[in-house]
>>> print(open('input.csv').read())   # CSV, C-alpha atoms
chain,number,residue,atom,x,y,z
T,953,MET,CA,0.0,0.0,0.0
T,954,ILE,CA,2.8,2.4,0.9
T,955,THR,CA,4.7,1.5,-2.3
T,956,ALA,CA,1.5,2.2,-4.3
T,957,PHE,CA,1.1,5.5,-2.6
T,958,ARG,CA,4.7,6.5,-3.4
T,959,MET,CA,4.3,5.5,-7.0
T,960,ALA,CA,1.1,7.6,-7.2
T,961,LEU,CA,2.9,10.7,-5.9
T,962,ARG,CA,5.8,10.1,-8.3
T,963,SER,CA,3.3,9.8,-11.2
T,964,ILE,CA,1.5,13.0,-10.2
T,965,GLY,CA,4.7,14.8,-9.7
T,966,SER,CA,6.0,13.8,-13.1
T,967,ASN,CA,3.4,15.9,-14.9
T,968,LYS,CA,2.5,18.7,-12.5
T,969,LEU,CA,0.6,20.9,-14.9
T,970,ARG,CA,-1.7,18.2,-16.0
T,971,ALA,CA,-2.3,17.1,-12.4
T,972,ALA,CA,-3.1,20.7,-11.4
T,973,LEU,CA,-5.6,21.1,-14.3
T,974,THR,CA,-7.1,17.8,-13.4
T,975,MET,CA,-7.5,18.8,-9.7
T,976,LEU,CA,-9.1,22.1,-10.7
T,977,GLY,CA,-12.6,20.7,-11.0
T,978,ILE,CA,-12.3,19.1,-7.6
T,979,ILE,CA,-10.9,22.3,-6.0
T,980,ILE,CA,-13.7,24.4,-7.4
T,981,GLY,CA,-16.3,21.8,-6.3
T,982,VAL,CA,-14.9,21.6,-2.8
T,983,MET,CA,-14.8,25.4,-2.5
T,984,ALA,CA,-18.4,25.8,-3.7
T,985,LEU,CA,-19.6,23.2,-1.2
T,986,VAL,CA,-17.6,24.3,1.8
T,987,VAL,CA,-17.8,28.1,1.3
T,988,LEU,CA,-21.5,28.3,0.3
T,989,VAL,CA,-22.8,26.0,3.0
T,990,SER,CA,-20.5,27.5,5.7
T,991,LEU,CA,-21.7,31.0,4.7
T,992,VAL,CA,-25.3,30.0,5.0
T,993,ASN,CA,-24.8,28.2,8.3
T,994,SER,CA,-22.7,30.9,9.9
T,995,ALA,CA,-25.1,33.6,8.8
T,996,THR,CA,-28.0,31.6,10.2
T,997,THR,CA,-26.3,31.1,13.5
T,998,SER,CA,-25.6,34.8,13.8
T,999,VAL,CA,-29.2,35.8,12.9
T,1000,THR,CA,-30.7,33.1,15.2
T,1001,ASP,CA,-28.5,34.3,18.1
T,1002,ALA,CA,-29.7,37.8,17.5
T,1003,VAL,CA,-33.3,36.8,17.4
T,1004,SER,CA,-32.9,34.8,20.6
T,1005,SER,CA,-31.4,37.8,22.4
T,1006,LEU,CA,-34.2,40.0,21.2
T,1007,GLY,CA,-37.1,38.2,22.8
T,1008,ALA,CA,-36.4,34.8,24.4
T,1009,ASN,CA,-39.2,35.6,26.9
T,1010,LEU,CA,-41.7,37.0,24.5
T,1011,MET,CA,-44.9,35.7,22.9
T,1012,THR,CA,-47.3,37.5,20.6
T,1013,VAL,CA,-51.0,36.7,20.2
T,1014,THR,CA,-53.0,37.8,17.2
T,1015,ILE,CA,-56.8,37.5,17.2
T,1016,GLU,CA,-58.1,36.6,13.7
T,1017,ASP,CA,-61.8,36.2,14.6
T,1018,ASP,CA,-63.2,37.2,18.0
T,1019,LYS,CA,-66.5,35.3,17.5
T,1020,GLY,CA,-68.4,38.3,18.9
T,1021,TYR,CA,-66.4,38.1,22.1
T,1022,PRO,CA,-63.6,40.7,21.7
T,1023,LEU,CA,-60.7,41.0,24.1
T,1024,THR,CA,-60.7,44.2,26.2
T,1025,LEU,CA,-58.0,46.0,28.2
T,1026,GLU,CA,-59.9,45.1,31.3
T,1027,LEU,CA,-59.9,41.4,30.5
T,1028,LEU,CA,-56.1,41.4,29.9
T,1029,ASP,CA,-55.6,43.2,33.2
T,1030,GLU,CA,-57.6,40.4,34.9
T,1031,TRP,CA,-55.5,37.7,33.2
T,1032,GLU,CA,-52.3,39.4,34.3
T,1033,GLU,CA,-53.5,39.7,37.9
T,1034,GLU,CA,-55.0,36.2,38.2
T,1035,GLU,CA,-52.6,34.0,36.3
T,1036,ARG,CA,-49.3,33.3,38.1
T,1037,PHE,CA,-47.6,32.1,35.0
T,1038,ILE,CA,-48.0,35.4,33.2
T,1039,GLY,CA,-45.5,38.2,33.9
T,1040,SER,CA,-46.9,41.1,31.9
T,1041,ILE,CA,-49.4,41.6,29.1
T,1042,ALA,CA,-49.3,44.6,26.7
T,1043,PRO,CA,-51.8,45.1,23.9
T,1044,TYR,CA,-50.6,47.1,20.9
T,1045,ALA,CA,-51.8,48.3,17.5
T,1046,SER,CA,-50.1,50.2,14.8
T,1047,ALA,CA,-51.0,52.8,12.1
T,1048,SER,CA,-49.3,55.2,9.7
T,1049,ALA,CA,-49.5,58.9,10.5
T,1050,THR,CA,-48.1,62.2,9.5
T,1051,ALA,CA,-46.2,64.2,12.1
T,1052,LYS,CA,-45.4,67.9,12.1
T,1053,TYR,CA,-43.2,70.2,14.1
T,1054,GLU,CA,-42.9,73.8,13.1
T,1055,GLY,CA,-41.9,73.7,9.4
T,1056,ASN,CA,-41.0,70.0,9.3
T,1057,ASN,CA,-43.3,67.1,8.6
T,1058,ASP,CA,-42.7,63.4,7.9
T,1059,SER,CA,-44.6,60.1,8.0
T,1060,LEU,CA,-44.1,57.9,11.1
T,1061,THR,CA,-45.2,54.5,12.4
T,1062,LEU,CA,-47.6,55.1,15.3
T,1063,TYR,CA,-48.0,52.4,18.1
T,1064,GLY,CA,-50.8,52.5,20.6
T,1065,THR,CA,-49.9,50.5,23.7
T,1066,THR,CA,-49.7,50.3,27.5
T,1067,PRO,CA,-46.9,50.8,30.0
T,1068,ASP,CA,-45.9,47.0,30.2
T,1069,TYR,CA,-44.9,47.1,26.5
T,1070,TYR,CA,-41.7,48.8,27.6
T,1071,GLU,CA,-40.5,45.9,29.7
T,1072,ILE,CA,-41.8,43.2,27.5
T,1073,GLU,CA,-40.1,44.4,24.4
T,1074,GLY,CA,-36.9,45.5,26.2
T,1075,LEU,CA,-37.0,49.1,25.0
T,1076,ASN,CA,-34.4,51.6,26.4
T,1077,LEU,CA,-35.1,55.3,27.2
T,1078,SER,CA,-32.6,57.9,26.2
T,1079,MET,CA,-34.4,60.5,28.2
T,1080,GLY,CA,-37.7,61.2,29.8
T,1081,ARG,CA,-40.2,58.5,30.6
T,1082,PHE,CA,-42.4,55.9,28.9
T,1083,LEU,CA,-46.2,55.7,29.1
T,1084,LYS,CA,-48.0,55.4,32.4
T,1085,GLN,CA,-51.3,53.7,33.3
T,1086,THR,CA,-52.8,57.1,34.1
T,1087,ASP,CA,-52.0,58.1,30.5
T,1088,VAL,CA,-54.0,55.2,29.2
T,1089,ASP,CA,-56.9,55.7,31.7
T,1090,ASN,CA,-57.1,59.5,31.0
T,1091,HIS,CA,-56.6,59.3,27.2
T,1092,SER,CA,-53.6,61.6,27.6
T,1093,ARG,CA,-52.2,63.4,24.6
T,1094,ILE,CA,-48.6,62.4,25.2
T,1095,CYS,CA,-46.1,60.4,23.1
T,1096,VAL,CA,-42.8,58.7,23.3
T,1097,ILE,CA,-40.7,58.9,20.1
T,1098,ASN,CA,-37.5,57.2,19.0
T,1099,GLU,CA,-34.2,59.1,18.4
T,1100,THR,CA,-34.7,59.0,14.6
T,1101,ALA,CA,-38.0,60.7,14.9
T,1102,ALA,CA,-36.5,63.3,17.2
T,1103,GLU,CA,-33.6,64.1,14.9
T,1104,GLU,CA,-35.6,64.0,11.6
T,1105,LEU,CA,-38.7,65.8,12.8
T,1106,ILE,CA,-37.6,68.2,15.7
T,1107,GLY,CA,-33.9,68.5,14.8
T,1108,PHE,CA,-32.4,67.4,18.2
T,1109,THR,CA,-32.9,64.5,20.7
T,1110,ASP,CA,-33.3,66.6,23.8
T,1111,CYS,CA,-36.9,67.4,23.0
T,1112,VAL,CA,-38.9,66.3,26.1
T,1113,GLY,CA,-41.7,68.8,26.6
T,1114,LYS,CA,-41.9,69.8,23.0
T,1115,GLU,CA,-45.3,69.5,21.2
T,1116,ILE,CA,-45.7,67.7,17.8
T,1117,SER,CA,-48.7,67.4,15.7
T,1118,ILE,CA,-49.8,63.8,14.7
T,1119,ASP,CA,-52.5,63.8,12.1
T,1120,GLY,CA,-53.6,67.2,13.2
T,1121,MET,CA,-53.7,66.4,16.9
T,1122,LYS,CA,-51.2,67.9,19.4
T,1123,PHE,CA,-49.1,65.5,21.5
T,1124,MET,CA,-46.5,66.4,24.1
T,1125,VAL,CA,-43.2,64.4,23.9
T,1126,VAL,CA,-42.5,62.9,27.3
T,1127,GLY,CA,-39.7,60.5,26.4
T,1128,VAL,CA,-37.2,59.6,23.7
T,1129,LEU,CA,-36.2,56.0,23.1
T,1130,GLU,CA,-32.8,54.8,22.1
T,1131,ASP,CA,-32.3,53.6,18.5
T,1132,SER,CA,-30.9,50.1,19.2
T,1133,ASP,CA,-31.4,46.5,18.2
T,1134,SER,CA,-32.0,45.4,21.7
T,1135,SER,CA,-35.7,44.5,21.0
T,1136,LEU,CA,-37.5,42.7,18.2
T,1137,THR,CA,-39.7,45.8,17.5
T,1138,ALA,CA,-36.6,48.1,17.5
T,1139,SER,CA,-34.8,45.9,15.0
T,1140,PHE,CA,-37.7,45.8,12.6
T,1141,SER,CA,-38.3,49.6,12.8
T,1142,SER,CA,-34.6,50.6,12.7
T,1143,GLY,CA,-34.1,53.7,10.7
T,1144,THR,CA,-37.8,54.7,10.7
T,1145,LEU,CA,-39.7,57.3,12.6
T,1146,VAL,CA,-41.7,55.7,15.5
T,1147,ALA,CA,-44.0,57.1,18.1
T,1148,TYR,CA,-45.8,55.4,21.0
T,1149,ILE,CA,-49.0,56.8,22.4
T,1150,PRO,CA,-51.6,55.5,24.9
T,1151,TYR,CA,-53.6,52.6,23.5
T,1152,THR,CA,-56.9,54.4,24.2
T,1153,MET,CA,-55.7,57.3,22.0
T,1154,LEU,CA,-55.0,55.4,18.8
T,1155,PRO,CA,-58.7,55.0,17.8
T,1156,ARG,CA,-59.0,58.8,17.7
T,1157,LEU,CA,-56.3,59.0,15.1
T,1158,SER,CA,-56.9,56.0,13.0
T,1159,ASP,CA,-60.2,54.8,11.5
T,1160,THR,CA,-58.9,51.2,11.5
T,1161,ALA,CA,-58.0,51.1,15.2
T,1162,THR,CA,-60.5,50.1,17.9
T,1163,THR,CA,-60.6,50.0,21.6
T,1164,THR,CA,-60.8,46.2,21.5
T,1165,VAL,CA,-57.6,44.2,21.5
T,1166,THR,CA,-56.5,42.3,18.4
T,1167,THR,CA,-52.8,41.9,19.1
T,1168,PHE,CA,-50.9,41.7,22.4
T,1169,SER,CA,-47.5,40.7,23.7
T,1170,VAL,CA,-47.0,38.4,26.8
T,1171,SER,CA,-44.0,37.7,28.9
T,1172,ALA,CA,-43.6,34.8,31.4
T,1173,ALA,CA,-43.3,35.3,35.1
T,1174,GLU,CA,-39.9,34.6,36.8
T,1175,GLU,CA,-41.0,31.3,38.2
T,1176,SER,CA,-42.6,30.1,34.9
T,1177,ASN,CA,-41.6,29.5,31.3
T,1178,MET,CA,-43.1,30.3,27.9
T,1179,GLU,CA,-44.5,26.7,27.4
T,1180,GLN,CA,-46.6,27.2,30.5
T,1181,VAL,CA,-47.8,30.6,29.3
T,1182,GLU,CA,-48.7,29.2,25.9
T,1183,THR,CA,-50.7,26.3,27.4
T,1184,LEU,CA,-52.5,28.8,29.7
T,1185,LEU,CA,-53.3,31.2,26.9
T,1186,THR,CA,-54.4,28.4,24.6
T,1187,PHE,CA,-56.9,27.3,27.2
T,1188,ARG,CA,-58.2,30.8,27.8
T,1189,LEU,CA,-58.5,31.6,24.1
T,1190,LEU,CA,-60.2,28.3,23.1
T,1191,GLU,CA,-62.7,28.8,26.0
T,1192,ARG,CA,-63.5,32.3,24.8
T,1193,PHE,CA,-63.6,31.6,21.0
T,1194,GLU,CA,-65.8,28.5,21.0
T,1195,GLU,CA,-62.9,26.0,20.7
T,1196,ASP,CA,-61.9,27.4,17.3
T,1197,GLU,CA,-58.1,27.1,16.9
T,1198,ASP,CA,-58.2,29.3,13.8
T,1199,ALA,CA,-59.6,32.2,15.7
T,1200,TYR,CA,-56.1,33.2,17.0
T,1201,THR,CA,-52.4,32.8,16.3
T,1202,ILE,CA,-49.7,32.4,19.0
T,1203,SER,CA,-46.2,33.3,17.8
T,1204,THR,CA,-43.0,32.8,19.8
T,1205,VAL,CA,-39.3,33.4,19.1
T,1206,ASP,CA,-38.8,29.6,19.2
T,1207,ALA,CA,-41.3,29.2,16.4
T,1208,LEU,CA,-39.4,31.8,14.4
T,1209,GLU,CA,-36.1,30.1,15.0
T,1210,ASP,CA,-37.6,26.7,13.9
T,1211,THR,CA,-38.9,28.3,10.7
T,1212,MET,CA,-35.5,29.9,10.0
T,1213,GLY,CA,-33.8,26.5,10.7
T,1214,SER,CA,-36.1,24.7,8.2
T,1215,ILE,CA,-35.5,27.3,5.5
T,1216,THR,CA,-31.7,27.2,6.1
T,1217,SER,CA,-31.7,23.4,6.0
T,1218,ILE,CA,-33.4,23.4,2.6
T,1219,LEU,CA,-31.1,26.2,1.3
T,1220,SER,CA,-28.0,24.3,2.5
T,1221,ILE,CA,-29.2,21.1,0.8
T,1222,LEU,CA,-29.8,23.0,-2.5
T,1223,LEU,CA,-26.5,24.7,-2.4
T,1224,GLY,CA,-24.8,21.5,-1.4
T,1225,GLY,CA,-26.4,19.7,-4.3
T,1226,ILE,CA,-25.2,22.3,-6.8
T,1227,ALA,CA,-21.7,22.0,-5.4
T,1228,ALA,CA,-21.9,18.2,-5.5
T,1229,ILE,CA,-22.6,18.5,-9.3
T,1230,SER,CA,-19.3,20.4,-9.6
T,1231,LEU,CA,-17.5,17.7,-7.7
T,1232,VAL,CA,-19.0,15.0,-10.0
T,1233,VAL,CA,-17.8,17.0,-13.0
T,1234,GLY,CA,-14.4,17.1,-11.4
T,1235,GLY,CA,-14.5,13.3,-10.9
T,1236,ILE,CA,-15.3,12.8,-14.6
T,1237,GLY,CA,-12.2,14.9,-15.4
T,1238,ILE,CA,-10.1,12.7,-13.1
T,1239,MET,CA,-11.5,9.5,-14.8
T,1240,ASN,CA,-10.6,11.0,-18.2
T,1241,ILE,CA,-7.0,11.8,-17.2
T,1242,MET,CA,-6.6,8.4,-15.6
T,1243,LEU,CA,-7.7,6.7,-18.8
T,1244,VAL,CA,-5.1,8.7,-20.7
T,1245,THR,CA,-2.5,7.8,-18.0
T,1246,VAL,CA,-3.3,4.1,-18.4
T,1247,THR,CA,-2.9,4.3,-22.1
T,1248,GLU,CA,0.4,6.1,-21.8
T,1249,ARG,CA,1.7,3.5,-19.3
T,1250,THR,CA,0.6,0.4,-21.1
T,1251,ARG,CA,4.1,-0.9,-21.7
T,1252,GLU,CA,4.9,-0.3,-18.0
T,1253,ILE,CA,1.8,-2.3,-17.0
T,1254,GLY,CA,3.0,-5.1,-19.4
T,1255,ILE,CA,6.5,-5.2,-17.8
T,1256,ARG,CA,5.1,-5.2,-14.3
T,1257,LYS,CA,2.8,-8.1,-15.1
T,1258,ALA,CA,5.5,-10.0,-16.9
T,1259,ILE,CA,7.7,-9.9,-13.8
T,1260,GLY,CA,4.9,-11.1,-11.5
T,1261,ALA,CA,2.6,-8.2,-10.6
T,1262,SER,CA,-0.9,-9.5,-9.9
T,1263,ARG,CA,-4.1,-8.0,-11.2
T,1264,GLY,CA,-4.9,-6.7,-7.7
T,1265,THR,CA,-1.6,-4.9,-7.5
T,1266,ILE,CA,-2.1,-3.0,-10.7
T,1267,LEU,CA,-5.7,-2.2,-9.8
T,1268,ARG,CA,-4.6,-0.9,-6.4
T,1269,GLN,CA,-1.9,1.2,-7.9
T,1270,PHE,CA,-4.1,3.1,-10.3
T,1271,LEU,CA,-7.0,3.3,-7.9
T,1272,ILE,CA,-4.8,4.9,-5.2
T,1273,GLU,CA,-3.4,7.3,-7.8
T,1274,ALA,CA,-7.0,8.5,-8.6
T,1275,ILE,CA,-7.9,8.8,-4.9
T,1276,VAL,CA,-4.6,10.7,-4.1
T,1277,LEU,CA,-5.3,13.1,-7.0
T,1278,CYS,CA,-8.8,13.7,-5.7
T,1279,MET,CA,-7.8,14.1,-2.1
T,1280,MET,CA,-5.0,16.6,-3.0
T,1281,GLY,CA,-7.6,18.7,-4.8
T,1282,CYS,CA,-9.9,18.4,-1.8
T,1283,ALA,CA,-7.1,19.6,0.6
T,1284,ILE,CA,-6.3,22.6,-1.6
T,1285,GLY,CA,-10.0,23.4,-1.9
T,1286,ILE,CA,-10.5,23.3,1.9
T,1287,PHE,CA,-7.5,25.6,2.4
T,1288,LEU,CA,-8.7,28.1,-0.2
T,1289,SER,CA,-12.2,27.9,1.4
T,1290,TRP,CA,-10.8,28.7,4.8
T,1291,THR,CA,-8.9,31.7,3.3
T,1292,ILE,CA,-12.1,33.0,1.6
T,1293,LEU,CA,-14.1,32.7,4.8
T,1294,ARG,CA,-11.4,34.6,6.7
T,1295,VAL,CA,-11.5,37.4,4.1
T,1296,VAL,CA,-15.3,37.6,4.2
T,1297,SER,CA,-15.2,37.7,8.1
T,1298,VAL,CA,-12.8,40.7,8.0
T,1299,ILE,CA,-14.9,42.5,5.4
T,1300,THR,CA,-18.2,41.9,7.3
T,1301,SER,CA,-16.7,42.5,10.8
T,1302,SER,CA,-18.7,45.8,11.1
T,1303,LEU,CA,-21.9,43.7,10.9
T,1304,GLU,CA,-20.8,41.6,13.9
T,1305,MET,CA,-21.1,38.4,11.8
T,1306,SER,CA,-18.5,35.7,12.0
T,1307,PHE,CA,-18.1,33.3,9.1
T,1308,ARG,CA,-16.0,30.2,9.9
T,1309,LEU,CA,-15.3,26.8,8.4
T,1310,GLN,CA,-18.0,24.3,9.4
T,1311,SER,CA,-16.2,21.1,10.5
T,1312,ASP,CA,-19.2,18.9,9.5
T,1313,VAL,CA,-19.2,20.4,6.0
T,1314,VAL,CA,-15.4,19.8,5.7
T,1315,TRP,CA,-15.8,16.1,6.6
T,1316,ILE,CA,-18.7,15.7,4.1
T,1317,ALA,CA,-16.4,17.2,1.4
T,1318,VAL,CA,-13.6,14.9,2.4
T,1319,ALA,CA,-15.8,11.8,2.3
T,1320,PHE,CA,-17.4,12.9,-1.0
T,1321,CYS,CA,-14.1,13.5,-2.6
T,1322,PHE,CA,-12.8,10.1,-1.5
T,1323,LEU,CA,-15.9,8.4,-3.0
T,1324,ILE,CA,-15.5,10.3,-6.2
T,1325,GLY,CA,-11.8,9.2,-6.5
T,1326,LEU,CA,-12.9,5.7,-5.7
T,1327,ILE,CA,-15.8,5.6,-8.2
T,1328,PHE,CA,-14.3,7.4,-11.1
T,1329,GLY,CA,-10.9,5.8,-10.6
T,1330,LEU,CA,-12.2,2.3,-10.6
T,1331,TYR,CA,-12.9,2.0,-14.3
T,1332,PRO,CA,-9.4,3.1,-15.5
T,1333,ALA,CA,-7.8,1.0,-12.8
T,1334,ASN,CA,-9.8,-2.0,-13.7
T,1335,LYS,CA,-9.0,-1.4,-17.4
T,1336,ALA,CA,-5.3,-1.4,-16.5
T,1337,ALA,CA,-5.6,-4.5,-14.3
T,1338,LYS,CA,-7.3,-6.5,-17.1
T,1339,MET,CA,-4.6,-6.0,-19.7
T,1340,LYS,CA,-2.8,-9.1,-20.9
T,1341,PRO,CA,1.0,-8.8,-20.5
T,1342,ILE,CA,1.7,-9.8,-24.1
T,1343,ASP,CA,-0.7,-7.3,-25.5
T,1344,ALA,CA,0.6,-4.6,-23.3
T,1345,LEU,CA,4.2,-5.3,-24.2
T,1346,HIS,CA,3.4,-5.2,-27.9
T,1347,TYR,CA,1.6,-1.8,-27.5
T,1348,ASN,CA,3.3,0.9,-29.6
T,1349,GLY,CA,0.8,3.8,-29.1
>>> encode(input="input.csv", output="structure tokens")
Amino acid sequence: MITAFRMALRSIGSNKLRAALTMLGIIIGVMALVVLVSLVNSATTSVTDAVSSLGANLMTVTIEDDKGYPLTLELLDEWEEEERFIGSIAPYASASATAKYEGNNDSLTLYGTTPDYYEIEGLNLSMGRFLKQTDVDNHSRICVINETAAEELIGFTDCVGKEISIDGMKFMVVGVLEDSDSSLTASFSSGTLVAYIPYTMLPRLSDTATTTVTTFSVSAAEESNMEQVETLLTFRLLERFEEDEDAYTISTVDALEDTMGSITSILSILLGGIAAISLVVGGIGIMNIMLVTVTERTREIGIRKAIGASRGTILRQFLIEAIVLCMMGCAIGIFLSWTILRVVSVITSSLEMSFRLQSDVVWIAVAFCFLIGLIFGLYPANKAAKMKPIDALHYNG
């Protein structure tokens, strides 16, 4: 076996240019497989971690059909007080509006909600305060805006106490929220103008908004988990909506992560399949060159058989040569893949995303290359092994 390996290296080294061109297909195939799948997996890991940090203790419920029994603020308050599994509940609704301040005007996304929304969504104040329960009870004309809205509309962030007009109605700014990705809502609304007002005020600004609750966020209490909260809410909602499971939708971060994982798996398989085709094409190239090599070394084969080399020895020699050629291309492809991923990581360092070589993908590439060398090297090796010594010695090609 060692002798056959040395002979394979000697044969490859005797024609370096042809060997390099033969390995090119394998190198490209390995790079396509390792780089593409590693990029997808690394990006997915980064995004999944970001999503998990945004709302690991967050659940959103959307009412599709209230069956004539709409949810109210009072009912949600009862659930929050009575159920020990529930930490906080905050209804919210959104609408588009036009905001004005002196000579400036711009469109913004308006959220009507309650005080608990601040803690549930993990928002952060830059200055001022968030909504209070008295604001909701008294239909107060106050608002909390994000830093983008403060800068674009008012011109500066230190604007607590200023009055802005939202769809023609005056609202006093009582707080300014930081523009950060620390919450799920903040990440989706990054770069846009956002304002939060008491839930009871939104119907006065939007024809589509109502005082009933159609969407609300829920967090779990410290001594409970989201599974317990989901079980409890499912029971409550089914009881209220006549056992109709289609009347509502419960969304969690775990469900979002599962969906992302499924999409990523399908994408990885598709990309891996495309890369595998490249490897097969490279394998065909190796078989072609090995057939040429067998033809060129016909007299050598005849001499070796004449002095006692068995059919198995000849078969093993050429098969190992094909496998070595394939594995050398695989090694070069993996090294170049590592280099590319390092470069991409440096370029995207500002995005806080890390792209690294996936060990499982590397082993898949190694195993696949070995199989390609074995499969596509078997026919040329078998052809060489089946030659008759007398015919091989008389070959003058």
>>> residues_around(input="input.csv", residues="Tyr1044 (chain T)", least_positions_apart="5", cutoff="9 Å", atoms="only C-alpha atoms", output="PyMOL selection string")
chain T and resi 1063-1066+1069+1151+1165-1169
>>> residues_near_point(input="input.csv", point="(-41.1, 60.7, 20.5)", cutoff="7 Å", atoms="only C-alpha atoms", output="ChimeraX atom specification")
/T:1095-1098,1101-1102,1125,1127-1128,1147
>>> residues_around(input="input.csv", residues="Ile1236 (chain T)", least_positions_apart="2", cutoff="12 Å", atoms="only C-alpha atoms", output="PDB file with C-alpha atoms, keeping the file's coordinate frame")
ATOM      1  CA  THR T 974      -7.100  17.800 -13.400  1.00  0.00           C
ATOM      2  CA  MET T 975      -7.500  18.800  -9.700  1.00  0.00           C
ATOM      3  CA  LEU T 976      -9.100  22.100 -10.700  1.00  0.00           C
ATOM      4  CA  GLY T 977     -12.600  20.700 -11.000  1.00  0.00           C
ATOM      5  CA  ILE T 978     -12.300  19.100  -7.600  1.00  0.00           C
ATOM      6  CA  ILE T1229     -22.600  18.500  -9.300  1.00  0.00           C
ATOM      7  CA  SER T1230     -19.300  20.400  -9.600  1.00  0.00           C
ATOM      8  CA  LEU T1231     -17.500  17.700  -7.700  1.00  0.00           C
ATOM      9  CA  VAL T1232     -19.000  15.000 -10.000  1.00  0.00           C
ATOM     10  CA  VAL T1233     -17.800  17.000 -13.000  1.00  0.00           C
ATOM     11  CA  GLY T1234     -14.400  17.100 -11.400  1.00  0.00           C
ATOM     12  CA  ILE T1238     -10.100  12.700 -13.100  1.00  0.00           C
ATOM     13  CA  MET T1239     -11.500   9.500 -14.800  1.00  0.00           C
ATOM     14  CA  ASN T1240     -10.600  11.000 -18.200  1.00  0.00           C
ATOM     15  CA  ILE T1241      -7.000  11.800 -17.200  1.00  0.00           C
ATOM     16  CA  MET T1242      -6.600   8.400 -15.600  1.00  0.00           C
ATOM     17  CA  LEU T1243      -7.700   6.700 -18.800  1.00  0.00           C
ATOM     18  CA  ALA T1274      -7.000   8.500  -8.600  1.00  0.00           C
ATOM     19  CA  CYS T1278      -8.800  13.700  -5.700  1.00  0.00           C
ATOM     20  CA  ILE T1324     -15.500  10.300  -6.200  1.00  0.00           C
ATOM     21  CA  GLY T1325     -11.800   9.200  -6.500  1.00  0.00           C
ATOM     22  CA  LEU T1326     -12.900   5.700  -5.700  1.00  0.00           C
ATOM     23  CA  ILE T1327     -15.800   5.600  -8.200  1.00  0.00           C
ATOM     24  CA  PHE T1328     -14.300   7.400 -11.100  1.00  0.00           C
ATOM     25  CA  GLY T1329     -10.900   5.800 -10.600  1.00  0.00           C
ATOM     26  CA  LEU T1330     -12.200   2.300 -10.600  1.00  0.00           C
ATOM     27  CA  TYR T1331     -12.900   2.000 -14.300  1.00  0.00           C
ATOM     28  CA  PRO T1332      -9.400   3.100 -15.500  1.00  0.00           C
TER      29      PRO T1332
END
>>> closest_residue(input="input.csv", among="T:Ile1259, T:Leu1129, T:Ile1299, T:Ala1317", to="Cys1282 (chain T)", atoms="only C-alpha atoms")
T:Ala1317
>>> residues_around(input="input.csv", residues="region 1285-1295 of chain T", least_positions_apart="5", cutoff="9 Å", atoms="only C-alpha atoms", output="ChimeraX atom specification")
/T:976,978-984,986-987,990-991,1280,1300,1306-1309,1314,1317-1318
>>> residues_around(input="input.csv", residues="region 1244-1249 of chain T", least_positions_apart="2", cutoff="10 Å", atoms="all atoms listed in the file", output="count of residues only")
20
